[in-house]
$ cat data_1.pdb   # PDB, C-alpha atoms
ATOM      1  CA  MET A   1      56.741  63.046  60.567
ATOM      2  CA  ASP A   2      58.497  65.045  63.322
ATOM      3  CA  ASP A   3      59.745  63.292  66.390
ATOM      4  CA  GLY A   4      58.895  66.189  68.727
ATOM      5  CA  GLY A   5      62.539  66.743  69.627
ATOM      6  CA  GLY A   6      63.449  68.749  66.554
ATOM      7  CA  TRP A   7      63.421  72.246  67.989
ATOM      8  CA  PRO A   8      65.761  71.591  70.967
ATOM      9  CA  LYS A   9      68.199  69.679  68.803
ATOM     10  CA  GLY A  10      67.963  72.334  66.120
ATOM     11  CA  LEU A  11      68.805  75.075  68.598
ATOM     12  CA  ARG A  12      71.782  73.063  69.860
ATOM     13  CA  VAL A  13      73.039  72.405  66.334
ATOM     14  CA  GLY A  14      72.406  76.044  65.500
ATOM     15  CA  VAL A  15      74.709  77.271  68.269
ATOM     16  CA  GLY A  16      77.632  75.423  66.707
ATOM     17  CA  LEU A  17      76.796  76.658  63.230
ATOM     18  CA  ALA A  18      76.226  80.179  64.538
ATOM     19  CA  ALA A  19      79.735  80.351  66.012
ATOM     20  CA  GLY A  20      81.216  79.769  62.577
ATOM     21  CA  ALA A  21      78.697  82.073  60.929
ATOM     22  CA  PHE A  22      79.541  84.837  63.410
ATOM     23  CA  LEU A  23      83.229  84.733  62.576
ATOM     24  CA  LEU A  24      82.536  84.718  58.859
ATOM     25  CA  ALA A  25      80.113  87.586  59.274
ATOM     26  CA  VAL A  26      82.806  89.640  60.999
ATOM     27  CA  GLY A  27      84.948  89.033  57.933
ATOM     28  CA  PHE A  28      82.117  90.029  55.599
ATOM     29  CA  GLY A  29      81.365  93.211  57.531
ATOM     30  CA  ALA A  30      84.981  94.317  57.438
ATOM     31  CA  PHE A  31      85.363  93.284  53.796
ATOM     32  CA  ALA A  32      82.300  95.178  52.608
ATOM     33  CA  VAL A  33      83.162  98.372  54.475
ATOM     34  CA  THR A  34      86.730  98.357  53.154
ATOM     35  CA  HIS A  35      85.236  98.037  49.653
ATOM     36  CA  GLY A  36      83.175 101.184  50.049
ATOM     37  CA  TRP A  37      79.895  99.878  51.469
ATOM     38  CA  PRO A  38      78.389 101.981  54.258
ATOM     39  CA  ALA A  39      78.108 100.093  57.541
ATOM     40  CA  TRP A  40      74.311 100.441  57.734
ATOM     41  CA  LEU A  41      73.830  98.945  54.285
ATOM     42  CA  THR A  42      76.306  96.156  55.000
ATOM     43  CA  ILE A  43      74.338  95.179  58.123
ATOM     44  CA  THR A  44      71.024  95.494  56.282
ATOM     45  CA  THR A  45      72.338  93.244  53.527
ATOM     46  CA  SER A  46      73.157  90.538  56.040
ATOM     47  CA  ALA A  47      69.707  90.879  57.605
ATOM     48  CA  VAL A  48      67.730  90.604  54.375
ATOM     49  CA  VAL A  49      69.938  88.332  52.255
ATOM     50  CA  PHE A  50      71.494  86.066  54.927
ATOM     51  CA  SER A  51      73.833  84.260  52.551
ATOM     52  CA  GLY A  52      77.581  84.680  52.939
ATOM     53  CA  SER A  53      78.691  83.383  49.568
ATOM     54  CA  ALA A  54      76.146  85.449  47.598
ATOM     55  CA  GLN A  55      76.832  88.583  49.640
ATOM     56  CA  PHE A  56      80.553  88.190  49.113
ATOM     57  CA  ALA A  57      80.032  87.592  45.393
ATOM     58  CA  LEU A  58      77.964  90.768  45.183
ATOM     59  CA  VAL A  59      80.532  92.947  46.954
ATOM     60  CA  THR A  60      83.454  91.374  45.068
ATOM     61  CA  ALA A  61      81.803  91.828  41.688
ATOM     62  CA  LEU A  62      80.660  95.404  42.330
ATOM     63  CA  ALA A  63      84.106  96.351  43.630
ATOM     64  CA  GLY A  64      85.772  94.789  40.611
ATOM     65  CA  GLY A  65      83.734  96.810  38.136
ATOM     66  CA  GLY A  66      81.313  95.635  35.488
ATOM     67  CA  GLY A  67      78.213  97.131  37.036
ATOM     68  CA  LEU A  68      75.021  95.893  38.600
ATOM     69  CA  GLY A  69      74.082  93.223  36.030
ATOM     70  CA  PRO A  70      77.131  90.950  36.286
ATOM     71  CA  ALA A  71      77.312  91.482  40.058
ATOM     72  CA  LEU A  72      73.691  90.482  40.569
ATOM     73  CA  THR A  73      74.019  87.598  38.121
ATOM     74  CA  SER A  74      77.000  86.054  39.896
ATOM     75  CA  ALA A  75      75.350  86.470  43.313
ATOM     76  CA  ALA A  76      72.026  85.103  42.065
ATOM     77  CA  LEU A  77      73.712  82.106  40.439
ATOM     78  CA  MET A  78      75.553  81.400  43.660
ATOM     79  CA  ASN A  79      72.247  81.003  45.468
ATOM     80  CA  LEU A  80      70.503  79.069  42.720
ATOM     81  CA  ARG A  81      71.231  75.910  44.700
ATOM     82  CA  PHE A  82      68.492  76.972  47.115
ATOM     83  CA  VAL A  83      65.840  76.213  44.497
ATOM     84  CA  PRO A  84      66.336  72.419  44.460
ATOM     85  CA  MET A  85      67.244  72.396  48.166
ATOM     86  CA  ALA A  86      64.011  74.147  49.148
ATOM     87  CA  ALA A  87      61.999  72.093  46.670
ATOM     88  CA  ALA A  88      63.322  68.928  48.275
ATOM     89  CA  THR A  89      61.878  70.052  51.618
ATOM     90  CA  ALA A  90      58.406  70.707  50.169
ATOM     91  CA  ARG A  91      56.783  67.384  51.035
ATOM     92  CA  PHE A  92      57.888  67.730  54.673
ATOM     93  CA  LEU A  93      56.349  71.175  55.133
ATOM     94  CA  PRO A  94      52.694  71.383  56.241
ATOM     95  CA  GLY A  95      50.120  73.955  55.156
ATOM     96  CA  GLY A  96      49.138  75.668  51.942
ATOM     97  CA  PRO A  97      51.476  77.129  49.322
ATOM     98  CA  LEU A  98      52.048  80.408  51.194
ATOM     99  CA  GLN A  99      52.779  78.647  54.458
ATOM    100  CA  ARG A 100      55.191  76.273  52.737
ATOM    101  CA  ALA A 101      56.860  79.218  50.963
ATOM    102  CA  ALA A 102      57.336  80.960  54.327
ATOM    103  CA  GLN A 103      58.791  77.831  55.890
ATOM    104  CA  GLY A 104      61.124  77.430  52.932
ATOM    105  CA  GLN A 105      62.896  80.623  54.004
ATOM    106  CA  ALA A 106      64.550  78.581  56.759
ATOM    107  CA  VAL A 107      66.614  76.718  54.166
ATOM    108  CA  VAL A 108      70.278  77.620  54.618
ATOM    109  CA  ASP A 109      73.199  75.290  53.945
ATOM    110  CA  GLY A 110      74.132  74.161  57.444
ATOM    111  CA  SER A 111      70.561  73.826  58.718
ATOM    112  CA  TRP A 112      69.405  71.953  55.626
ATOM    113  CA  VAL A 113      72.240  69.449  55.881
ATOM    114  CA  ALA A 114      71.745  68.991  59.632
ATOM    115  CA  ALA A 115      68.011  68.408  59.174
ATOM    116  CA  GLN A 116      68.434  65.475  56.783
ATOM    117  CA  ARG A 117      67.335  62.246  58.445
ATOM    118  CA  PRO A 118      69.726  59.305  57.949
ATOM    119  CA  GLY A 119      66.997  57.068  56.579
ATOM    120  CA  GLY A 120      65.596  59.773  54.329
ATOM    121  CA  GLY A 121      63.286  62.671  55.044
ATOM    122  CA  LEU A 122      63.781  65.971  56.765
ATOM    123  CA  ASP A 123      63.339  67.177  60.347
ATOM    124  CA  ARG A 124      61.755  70.554  59.643
ATOM    125  CA  GLN A 125      61.740  71.649  63.280
ATOM    126  CA  LEU A 126      65.451  70.967  63.559
ATOM    127  CA  MET A 127      65.982  73.075  60.433
ATOM    128  CA  PHE A 128      63.921  75.944  61.844
ATOM    129  CA  GLY A 129      65.771  75.883  65.173
ATOM    130  CA  ALA A 130      69.211  75.786  63.589
ATOM    131  CA  THR A 131      68.410  78.688  61.251
ATOM    132  CA  LEU A 132      66.793  80.749  64.004
ATOM    133  CA  VAL A 133      70.080  80.770  65.944
ATOM    134  CA  GLN A 134      72.306  81.488  62.961
ATOM    135  CA  TRP A 135      70.430  84.511  61.636
ATOM    136  CA  PRO A 136      71.048  86.907  64.565
ATOM    137  CA  ALA A 137      74.633  85.645  64.812
ATOM    138  CA  TRP A 138      75.135  86.510  61.154
ATOM    139  CA  ILE A 139      73.735  90.031  61.643
ATOM    140  CA  LEU A 140      75.655  90.708  64.873
ATOM    141  CA  GLY A 141      78.899  89.455  63.361
ATOM    142  CA  THR A 142      78.414  91.686  60.340
ATOM    143  CA  ALA A 143      77.747  94.666  62.598
ATOM    144  CA  LEU A 144      80.913  93.986  64.558
ATOM    145  CA  GLY A 145      82.959  93.686  61.385
ATOM    146  CA  ALA A 146      81.433  96.751  59.773
ATOM    147  CA  LEU A 147      81.538  99.045  62.806
ATOM    148  CA  VAL A 148      84.555  97.939  64.827
ATOM    149  CA  VAL A 149      87.119  96.025  62.813
ATOM    150  CA  PRO A 150      89.625  98.384  61.199
ATOM    151  CA  GLY A 151      90.143  98.087  57.474
ATOM    152  CA  GLY A 152      93.057  98.055  55.063
ATOM    153  CA  ALA A 153      96.468  97.323  56.513
ATOM    154  CA  ALA A 154      95.129  96.395  59.952
ATOM    155  CA  LEU A 155      92.900  93.768  58.356
ATOM    156  CA  GLU A 156      95.917  92.200  56.686
ATOM    157  CA  ALA A 157      98.137  92.437  59.771
ATOM    158  CA  THR A 158      95.605  90.443  61.780
ATOM    159  CA  GLY A 159      95.153  87.876  59.028
ATOM    160  CA  LEU A 160      91.397  88.535  58.887
ATOM    161  CA  ASP A 161      91.580  88.919  55.114
ATOM    162  CA  VAL A 162      92.015  85.129  55.017
ATOM    163  CA  ILE A 163      88.543  84.492  56.424
ATOM    164  CA  PHE A 164      86.609  84.626  53.188
ATOM    165  CA  PRO A 165      89.038  82.849  50.869
ATOM    166  CA  GLY A 166      89.371  80.294  53.653
ATOM    167  CA  PHE A 167      85.599  79.972  53.880
ATOM    168  CA  PHE A 168      85.286  79.487  50.122
ATOM    169  CA  GLY A 169      88.191  77.054  50.099
ATOM    170  CA  LEU A 170      86.572  74.924  52.803
ATOM    171  CA  LEU A 171      83.162  74.905  51.137
ATOM    172  CA  LEU A 172      84.813  74.022  47.842
ATOM    173  CA  PHE A 173      86.789  71.228  49.502
ATOM    174  CA  ASP A 174      83.622  69.830  51.113
ATOM    175  CA  SER A 175      81.719  70.013  47.837
ATOM    176  CA  LEU A 176      84.458  68.288  45.878
ATOM    177  CA  ARG A 177      84.811  65.600  48.516
ATOM    178  CA  ALA A 178      81.087  64.912  48.190
ATOM    179  CA  SER A 179      81.139  65.103  44.361
ATOM    180  CA  PRO A 180      84.691  64.464  43.041
ATOM    181  CA  ARG A 181      83.303  64.276  39.499
ATOM    182  CA  LEU A 182      82.887  68.071  39.618
ATOM    183  CA  ALA A 183      86.638  68.682  39.997
ATOM    184  CA  PRO A 184      87.206  69.332  36.249
ATOM    185  CA  ALA A 185      84.349  71.835  36.247
ATOM    186  CA  GLY A 186      85.885  73.564  39.283
ATOM    187  CA  LEU A 187      89.292  73.758  37.628
ATOM    188  CA  LEU A 188      87.745  75.129  34.456
ATOM    189  CA  ALA A 189      85.845  77.741  36.483
ATOM    190  CA  ALA A 190      89.028  78.804  38.277
ATOM    191  CA  ALA A 191      90.828  79.185  34.956
ATOM    192  CA  ILE A 192      87.984  81.282  33.553
ATOM    193  CA  ALA A 193      87.794  83.399  36.716
ATOM    194  CA  ALA A 194      91.500  84.165  36.352
ATOM    195  CA  THR A 195      90.482  86.357  33.423
ATOM    196  CA  CYS A 196      89.822  88.955  36.123
ATOM    197  CA  ARG A 197      93.310  90.060  35.117
ATOM    198  CA  PHE A 198      91.709  91.604  32.032
ATOM    199  CA  LEU A 199      87.953  91.577  32.722
ATOM    200  CA  PRO A 200      85.859  93.107  35.500
ATOM    201  CA  SER A 201      85.455  90.604  38.362
ATOM    202  CA  GLY A 202      81.680  90.350  37.967
ATOM    203  CA  ILE A 203      81.970  89.382  34.323
ATOM    204  CA  ALA A 204      84.766  86.894  35.055
ATOM    205  CA  LEU A 205      82.584  85.277  37.734
ATOM    206  CA  THR A 206      79.557  85.105  35.470
ATOM    207  CA  LEU A 207      81.618  83.487  32.718
ATOM    208  CA  ALA A 208      83.009  81.026  35.261
ATOM    209  CA  ALA A 209      79.462  79.913  36.052
ATOM    210  CA  ALA A 210      79.211  78.537  32.523
ATOM    211  CA  ALA A 211      81.577  75.783  33.638
ATOM    212  CA  ALA A 212      78.578  74.252  35.428
ATOM    213  CA  THR A 213      77.387  72.932  32.068
ATOM    214  CA  PHE A 214      80.410  70.633  32.259
ATOM    215  CA  ALA A 215      78.281  68.573  34.632
ATOM    216  CA  LEU A 216      76.041  67.619  31.718
ATOM    217  CA  ARG A 217      78.879  65.500  30.341
ATOM    218  CA  GLN A 218      78.571  63.115  33.258
ATOM    219  CA  PRO A 219      75.546  61.419  34.817
ATOM    220  CA  ALA A 220      74.237  63.324  37.810
ATOM    221  CA  ARG A 221      74.784  61.602  41.111
ATOM    222  CA  ILE A 222      73.396  64.078  43.584
ATOM    223  CA  LYS A 223      75.016  63.786  46.990
ATOM    224  CA  GLU A 224      74.453  65.857  50.069
ATOM    225  CA  PRO A 225      77.342  68.046  51.167
ATOM    226  CA  GLN A 226      79.070  66.896  54.325
ATOM    227  CA  PRO A 227      78.273  68.898  57.469
TER     228      PRO A 227
ATOM    229  CA  MET B   1      75.261 103.984  46.761
ATOM    230  CA  THR B   2      72.065 103.603  44.723
ATOM    231  CA  THR B   3      73.589 100.636  42.885
ATOM    232  CA  MET B   4      74.423  98.968  46.187
ATOM    233  CA  ILE B   5      70.896  99.476  47.528
ATOM    234  CA  VAL B   6      69.281  98.197  44.340
ATOM    235  CA  ALA B   7      71.627  95.199  44.325
ATOM    236  CA  THR B   8      70.816  94.388  47.950
ATOM    237  CA  VAL B   9      67.048  94.634  47.480
ATOM    238  CA  ALA B  10      67.127  92.621  44.249
ATOM    239  CA  LEU B  11      69.282  89.894  45.771
ATOM    240  CA  ALA B  12      67.065  89.695  48.851
ATOM    241  CA  VAL B  13      63.941  89.317  46.694
ATOM    242  CA  LEU B  14      65.588  86.707  44.454
ATOM    243  CA  ASN B  15      66.811  84.789  47.452
ATOM    244  CA  ALA B  16      63.328  84.721  48.990
ATOM    245  CA  LEU B  17      61.829  83.598  45.675
ATOM    246  CA  TYR B  18      64.383  80.808  45.304
ATOM    247  CA  LYS B  19      63.388  79.402  48.661
ATOM    248  CA  ALA B  20      59.665  79.941  48.141
ATOM    249  CA  VAL B  21      59.068  78.642  44.641
ATOM    250  CA  GLY B  22      59.836  74.991  45.301
ATOM    251  CA  PRO B  23      57.803  74.547  48.481
ATOM    252  CA  ALA B  24      54.911  76.655  47.140
ATOM    253  CA  LEU B  25      54.595  75.322  43.612
ATOM    254  CA  LEU B  26      56.458  72.070  43.148
ATOM    255  CA  GLY B  27      55.289  70.129  46.175
ATOM    256  CA  GLY B  28      57.058  66.777  46.239
ATOM    257  CA  ARG B  29      57.985  66.752  42.556
ATOM    258  CA  GLU B  30      61.647  66.782  41.604
ATOM    259  CA  PHE B  31      63.581  68.645  38.939
ATOM    260  CA  PRO B  32      64.733  66.866  35.765
ATOM    261  CA  PRO B  33      68.133  65.170  36.306
ATOM    262  CA  ARG B  34      69.990  67.387  33.822
ATOM    263  CA  LEU B  35      68.722  70.562  35.484
ATOM    264  CA  ARG B  36      69.639  69.182  38.892
ATOM    265  CA  ALA B  37      73.114  68.294  37.605
ATOM    266  CA  VAL B  38      73.754  71.892  36.517
ATOM    267  CA  ALA B  39      72.266  73.328  39.724
ATOM    268  CA  ASP B  40      74.404  70.912  41.713
ATOM    269  CA  ALA B  41      77.546  72.021  39.881
ATOM    270  CA  LEU B  42      76.896  75.761  40.217
ATOM    271  CA  PRO B  43      78.118  76.110  43.821
ATOM    272  CA  VAL B  44      81.370  74.308  42.975
ATOM    273  CA  VAL B  45      82.169  76.392  39.912
ATOM    274  CA  LEU B  46      81.191  79.653  41.571
ATOM    275  CA  LEU B  47      83.138  78.855  44.733
ATOM    276  CA  ALA B  48      86.171  78.053  42.579
ATOM    277  CA  GLY B  49      85.613  81.304  40.707
ATOM    278  CA  LEU B  50      85.147  83.354  43.844
ATOM    279  CA  LEU B  51      88.227  81.863  45.463
ATOM    280  CA  THR B  52      90.284  82.705  42.379
ATOM    281  CA  VAL B  53      88.939  86.246  42.050
ATOM    282  CA  ASP B  54      89.322  86.909  45.764
ATOM    283  CA  VAL B  55      92.913  85.683  45.957
ATOM    284  CA  LEU B  56      94.028  87.400  42.750
ATOM    285  CA  GLY B  57      91.869  90.530  42.866
ATOM    286  CA  PRO B  58      90.958  92.835  39.974
ATOM    287  CA  GLY B  59      93.873  92.924  37.528
ATOM    288  CA  TRP B  60      95.596  90.398  39.848
ATOM    289  CA  ARG B  61      96.656  93.368  41.937
ATOM    290  CA  ASP B  62      95.622  91.880  45.306
ATOM    291  CA  PHE B  63      97.637  88.678  45.125
ATOM    292  CA  ASP B  64      99.477  88.031  48.376
ATOM    293  CA  TRP B  65     101.238  84.669  48.586
ATOM    294  CA  THR B  66     101.065  84.642  52.396
ATOM    295  CA  VAL B  67      97.347  83.824  52.091
ATOM    296  CA  LEU B  68      98.168  80.479  50.476
ATOM    297  CA  PRO B  69      99.830  78.792  53.481
ATOM    298  CA  GLY B  70      96.828  79.824  55.587
ATOM    299  CA  LEU B  71      94.488  78.253  53.045
ATOM    300  CA  GLY B  72      96.633  75.133  53.019
ATOM    301  CA  VAL B  73      96.403  74.835  56.802
ATOM    302  CA  ALA B  74      92.619  75.212  56.668
ATOM    303  CA  ILE B  75      92.194  72.524  54.011
ATOM    304  CA  ALA B  76      94.587  70.148  55.765
ATOM    305  CA  LEU B  77      92.695  70.482  59.035
ATOM    306  CA  ARG B  78      89.378  69.990  57.266
ATOM    307  CA  ALA B  79      90.735  66.843  55.625
ATOM    308  CA  VAL B  80      91.274  65.351  59.082
ATOM    309  CA  GLY B  81      87.763  66.264  60.161
ATOM    310  CA  ARG B  82      88.120  69.582  62.015
ATOM    311  CA  SER B  83      85.212  72.030  62.078
ATOM    312  CA  HIS B  84      85.029  75.029  59.768
ATOM    313  CA  LEU B  85      85.516  77.336  62.738
ATOM    314  CA  THR B  86      88.730  75.613  63.826
ATOM    315  CA  CYS B  87      90.029  75.611  60.259
ATOM    316  CA  ILE B  88      89.368  79.311  59.750
ATOM    317  CA  VAL B  89      90.900  80.326  63.080
ATOM    318  CA  ALA B  90      93.997  78.279  62.244
ATOM    319  CA  ALA B  91      94.193  79.851  58.768
ATOM    320  CA  VAL B  92      93.964  83.367  60.200
ATOM    321  CA  ALA B  93      96.561  82.604  62.876
ATOM    322  CA  GLY B  94      98.874  80.914  60.369
ATOM    323  CA  THR B  95      98.827  83.770  57.890
ATOM    324  CA  ALA B  96      99.087  86.452  60.582
ATOM    325  CA  GLY B  97     102.018  84.603  62.172
ATOM    326  CA  LEU B  98     103.781  84.229  58.843
ATOM    327  CA  ARG B  99     103.393  87.933  58.082
ATOM    328  CA  LEU B 100     104.695  88.802  61.544
ATOM    329  CA  LEU B 101     107.707  86.578  60.980
ATOM    330  CA  LEU B 102     108.397  88.095  57.579
ATOM    331  CA  ASP B 103     108.161  91.601  59.054
ATOM    332  CA  ALA B 104     110.547  90.646  61.839
ATOM    333  CA  LEU B 105     113.029  89.231  59.341
ATOM    334  CA  GLY B 106     112.865  92.517  57.482
TER     335      GLY B 106
END
$ encode --input "data_1.pdb" --output "structure tokens"
Amino acid sequence: MDDGGGWPKGLRVGVGLAAGAFLLAVGFGAFAVTHGWPAWLTITTSAVVFSGSAQFALVTALAGGGGLGPALTSAALMNLRFVPMAAATARFLPGGPLQRAAQGQAVVDGSWVAAQRPGGGLDRQLMFGATLVQWPAWILGTALGALVVPGGAALEATGLDVIFPGFFGLLLFDSLRASPRLAPAGLLAAAIAATCRFLPSGIALTLAAAAATFALRQPARIKEPQP
Amino acid sequence: MTTMIVATVALAVLNALYKAVGPALLGGREFPPRLRAVADALPVVLLAGLLTVDVLGPGWRDFDWTVLPGLGVAIALRAVGRSHLTCIVAAVAGTAGLRLLLDALG
């Protein structure tokens, strides 16, 4: 199933992905610390969660009030996509259930997309290599952002506060380009999330997730996101 | 602090379970189409929600219009095929430059 060249290619692909992840991680580190997270916990979060969008959702929701439940719900929903993504890799992973579960931990967005073979199937070694490079970059970037980058006004003066909305905007753009039929659901979610004017951010985000049921109105045509 | 630690540990465990359950239990089987449709839509709606909440902030108190041109630059560059890294660097530079210009103009 593997062509024997997966690891080298995965490491090469991973370097490119890691450069972007590093920059985003700097933004996350600075963002979390300016929202009251201690640097050590911010770095630990990146090490054990390793998911920018969920980590950002968690910090945003906790900072906006509403408590642990809504914050964890919005972050957990953000990562729910990993369930079908990891499940789709199952038949390409060797070993028993525990071994396959361990290998499934390598599923992250960029690596998973890069590992898809044009004719179908998945290059698991490529996925492992690409993820192996991105993980330390994500942790180091977070450490730099949490320990070195100044917060508050300096963050705004340097434009670094644009990193995360920019990141979300790009991912959203890519997703909508791959699945334009989801645009109404996205607009509905944005409108619901705007209730953060009156509601705690975590609750507004959780309510926005309900817009996903809009997808049930149309036949599912699952497409892979563009790299 | 305790809330943050609990949230981090819980999210880490959930994340690991998400990635483990399919490979360990489902094998090559696929999810029902309707469930896949909702799971497929979740990233889009949550990204749209996060973008909105991040730009507006709690009570809409964080809204800063100078972020919008930076976002526009990033999306425009992505539309012509630039990498995420290039788009983000351009967005940061665009917004920082605009703020510098506005400061200079008083």
$ closest_residue --input "data_1.pdb" --among "B:Val21, B:Ala12, B:Val6, B:Ala104" --to "Ser46 in chain A" --atoms "only C-alpha atoms"
B:Ala12
$ closest_atom_pairs --input "data_1.pdb" --of "chain B" --to "chain A" --cutoff "6 Å" --atoms "all atoms listed in the file" --output "CSV"
residue,atom,partner,partner_atom,distance
B:Thr8,CA,A:Thr45,CA,5.9
B:Ala12,CA,A:Val49,CA,4.7
B:Tyr18,CA,A:Val83,CA,4.9
B:Lys19,CA,A:Gly104,CA,5.2
B:Ala20,CA,A:Ala101,CA,4.0
B:Gly22,CA,A:Ala87,CA,3.9
B:Pro23,CA,A:Ala90,CA,4.2
B:Ala24,CA,A:Pro97,CA,4.1
B:Gly27,CA,A:Ala90,CA,5.1
B:Gly28,CA,A:Arg91,CA,4.8
B:Ala37,CA,A:Ala220,CA,5.1
B:Val38,CA,A:Ala212,CA,5.5
B:Ala39,CA,A:Arg81,CA,5.7
B:Ala41,CA,A:Ala212,CA,5.1
B:Leu42,CA,A:Ala212,CA,5.3
B:Pro43,CA,A:Met78,CA,5.9
B:Val44,CA,A:Gly186,CA,5.9
B:Val45,CA,A:Gly186,CA,4.7
B:Leu46,CA,A:Ala209,CA,5.8
B:Leu47,CA,A:Phe168,CA,5.8
B:Ala48,CA,A:Ala190,CA,5.2
B:Gly49,CA,A:Ala190,CA,4.9
B:Leu51,CA,A:Pro165,CA,5.6
B:Thr52,CA,A:Ala190,CA,5.8
B:Pro58,CA,A:Gly64,CA,5.6
B:Gly59,CA,A:Arg197,CA,3.8
B:Trp60,CA,A:Arg197,CA,5.3
B:Leu71,CA,A:Gly166,CA,5.5
B:Leu85,CA,A:Gly20,CA,4.9
B:Val92,CA,A:Gly159,CA,4.8
B:Thr95,CA,A:Gly159,CA,5.6
B:Ala96,CA,A:Gly159,CA,4.5
$ residues_around --input "data_1.pdb" --residues "Gly14 in chain A" --least-positions-apart "3" --cutoff "8 Å" --atoms "all atoms listed in the file" --output "VMD selection string"
chain A and resid 10 to 11 17 to 18 111 129 to 134
$ atom_distance --input "data_1.pdb" --atom1 "CA of Val67 in chain B" --atom2 "CA of Leu105 in chain B"
18.1 Å
$ atom_distance --input "data_1.pdb" --atom1 "CA of Phe31 in chain A" --atom2 "CA of Val53 in chain B"
14.2 Å
$ atom_distance --input "data_1.pdb" --atom1 "CA of Gly27 in chain A" --atom2 "CA of Gly145 in chain A"
6.1 Å
$ build_atoms --input "data_1.pdb" --residues "range 8-22 of chain B" --atoms "N, CA and C atoms" --output "compact mmCIF listing (two decimals), keeping the file's coordinate frame"
# COMPACT_ATOMS: atom_id res chain seq x y z
N THR B 8 71.21 95.06 46.70
CA THR B 8 70.82 94.39 47.95
C THR B 8 69.35 93.99 47.91
N VAL B 9 68.49 94.92 47.52
CA VAL B 9 67.05 94.63 47.48
C VAL B 9 66.75 93.52 46.47
N ALA B 10 67.37 93.63 45.29
CA ALA B 10 67.13 92.62 44.25
C ALA B 10 67.59 91.25 44.70
N LEU B 11 68.76 91.19 45.33
CA LEU B 11 69.28 89.89 45.77
C LEU B 11 68.41 89.31 46.88
N ALA B 12 67.94 90.17 47.77
CA ALA B 12 67.06 89.70 48.85
C ALA B 12 65.76 89.11 48.29
N VAL B 13 65.19 89.80 47.30
CA VAL B 13 63.94 89.32 46.69
C VAL B 13 64.18 88.00 45.96
N LEU B 14 65.27 87.95 45.18
CA LEU B 14 65.59 86.71 44.45
C LEU B 14 65.79 85.54 45.41
N ASN B 15 66.51 85.83 46.48
CA ASN B 15 66.81 84.79 47.45
C ASN B 15 65.52 84.24 48.06
N ALA B 16 64.60 85.15 48.40
CA ALA B 16 63.33 84.72 48.99
C ALA B 16 62.52 83.91 47.98
N LEU B 17 62.56 84.33 46.72
CA LEU B 17 61.83 83.60 45.68
C LEU B 17 62.40 82.20 45.46
N TYR B 18 63.74 82.11 45.47
CA TYR B 18 64.38 80.81 45.30
C TYR B 18 63.86 79.81 46.33
N LYS B 19 63.76 80.30 47.56
CA LYS B 19 63.39 79.40 48.66
C LYS B 19 61.88 79.17 48.72
N ALA B 20 61.12 80.04 48.06
CA ALA B 20 59.66 79.94 48.14
C ALA B 20 59.08 79.12 47.00
N VAL B 21 59.71 79.21 45.83
CA VAL B 21 59.07 78.64 44.64
C VAL B 21 58.91 77.13 44.72
N GLY B 22 59.92 76.45 45.21
CA GLY B 22 59.84 74.99 45.30
C GLY B 22 58.75 74.53 46.26
